[in-house]
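Inspection log for the structure reproduced underneath, given as C-alpha cells.
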Amino acid sequence: MAEAWPDLAGRLAEGLHVLPVRVYFEDTDAGGVVYHARYLAFCERARSDFLRLLGIHQSQVDGMFFVVRHMTCDFLKPARLDDLLEVETRFGTLAGARMILAQKVRRDGVLLFEATVTVALVDRQGRPQRLPAMLAGRLAGASKI
C-alpha cells in the first residue's frame with residue numbers, strides 16, 4: 001500500500017523531513033486562524049512519518065512507546081484556513097532513552113511556528129528504556145540540528 005502513495009509520509013531532503021499539511025476548517029478557530037493545539041498535532045504527525053521513513057514503525061516497537069517528555073514552542077505568525085504548510089523535522093541528539101528533535105512549520109518559506117521536542121522511549125509501565133541498537137543506529141544516521 002505504501003508504494004501507491006509514496007509521498008503520503010512526506011519526504012527526506014537535505015538532512016530533514018518535510019511533511020506537507022493543508023489547513024482544514026477543523027484546524028481553525030472561529031476567526032479562521034489555526035488553533036494553537038493543531039500545530040502540536042501537525043508536529044506529532046510529522047514526527048511519526050519521519051520515523052516511518054527511517055524504517056522505525058512505532059507499531060513494531062514491541063512493548064515500548066515513544067512519548068513526549070518536554071516541548072518548547074514559539075507561535076510566530078498565524079496560519080489560516082486553506083493554507084498549505086510544510087512541517088520540517090530535524091533530528092538533534094540521542095542519549096539513552098531520549099531524543100531531541102527540532103520542528104518548524106512554514107508557509108511559502110515563512111516561519112510560523114517552531115518547537116524543540118524531547119521524546120522518550122518507555123515501557124508499558126512508563127519506565128524509560130534505552131533505545132535498542134537498531135533504532136539508535138537508524139537515528140544516528142539522521143542529520144543533527
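Please note that chains go A, B, ... in the order of the C-alpha cells, that every chain numbers its residues from 1, and that ligands are numbered from 1 in the order shown.
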Filtered DSSP result for range 27-142 of chain A, state helix (DSSP H, G or I), as JSON, numbers by chain: {"A": [27, 36, 37, 38, 39, 40, 41, 42, 43, 44, 45, 46, 47, 48, 49, 50, 51, 52, 53, 58, 59, 60, 133, 134, 135, 136, 137, 138, 139, 140]}
Pull the strand (DSSP E) assignments for chain A out of DSSP run on the backbone, and list those residues as number ranges by chain. A: 11-13, 16-22, 64-75, 84-95, 98-107, 110-123
Closest to Leu85 in chain A among A:Phe50, A:Phe113, A:Tyr35, A:Phe25, using only C-alpha atoms? A:Phe113
Using only C-alpha atoms for the distances, tell me which of A:Met64, A:Val110, A:Met71, A:Ala46 is nearest to Arg124 in chain A.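 Ranked by minimum distance to Arg124 in chain A, first place goes to A:Met64.
Straight-line separation from CA of Arg107 in chain A to CA of Tyr39 in chain A: 12.8 Å.
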Which is closer to Gly126 in chain A than all the others in A:Gly15, A:Gly10, A:Gly63, A:Pro20, using only C-alpha atoms?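 Answer, going by the shortest atom-to-atom distance: A:Gly63.
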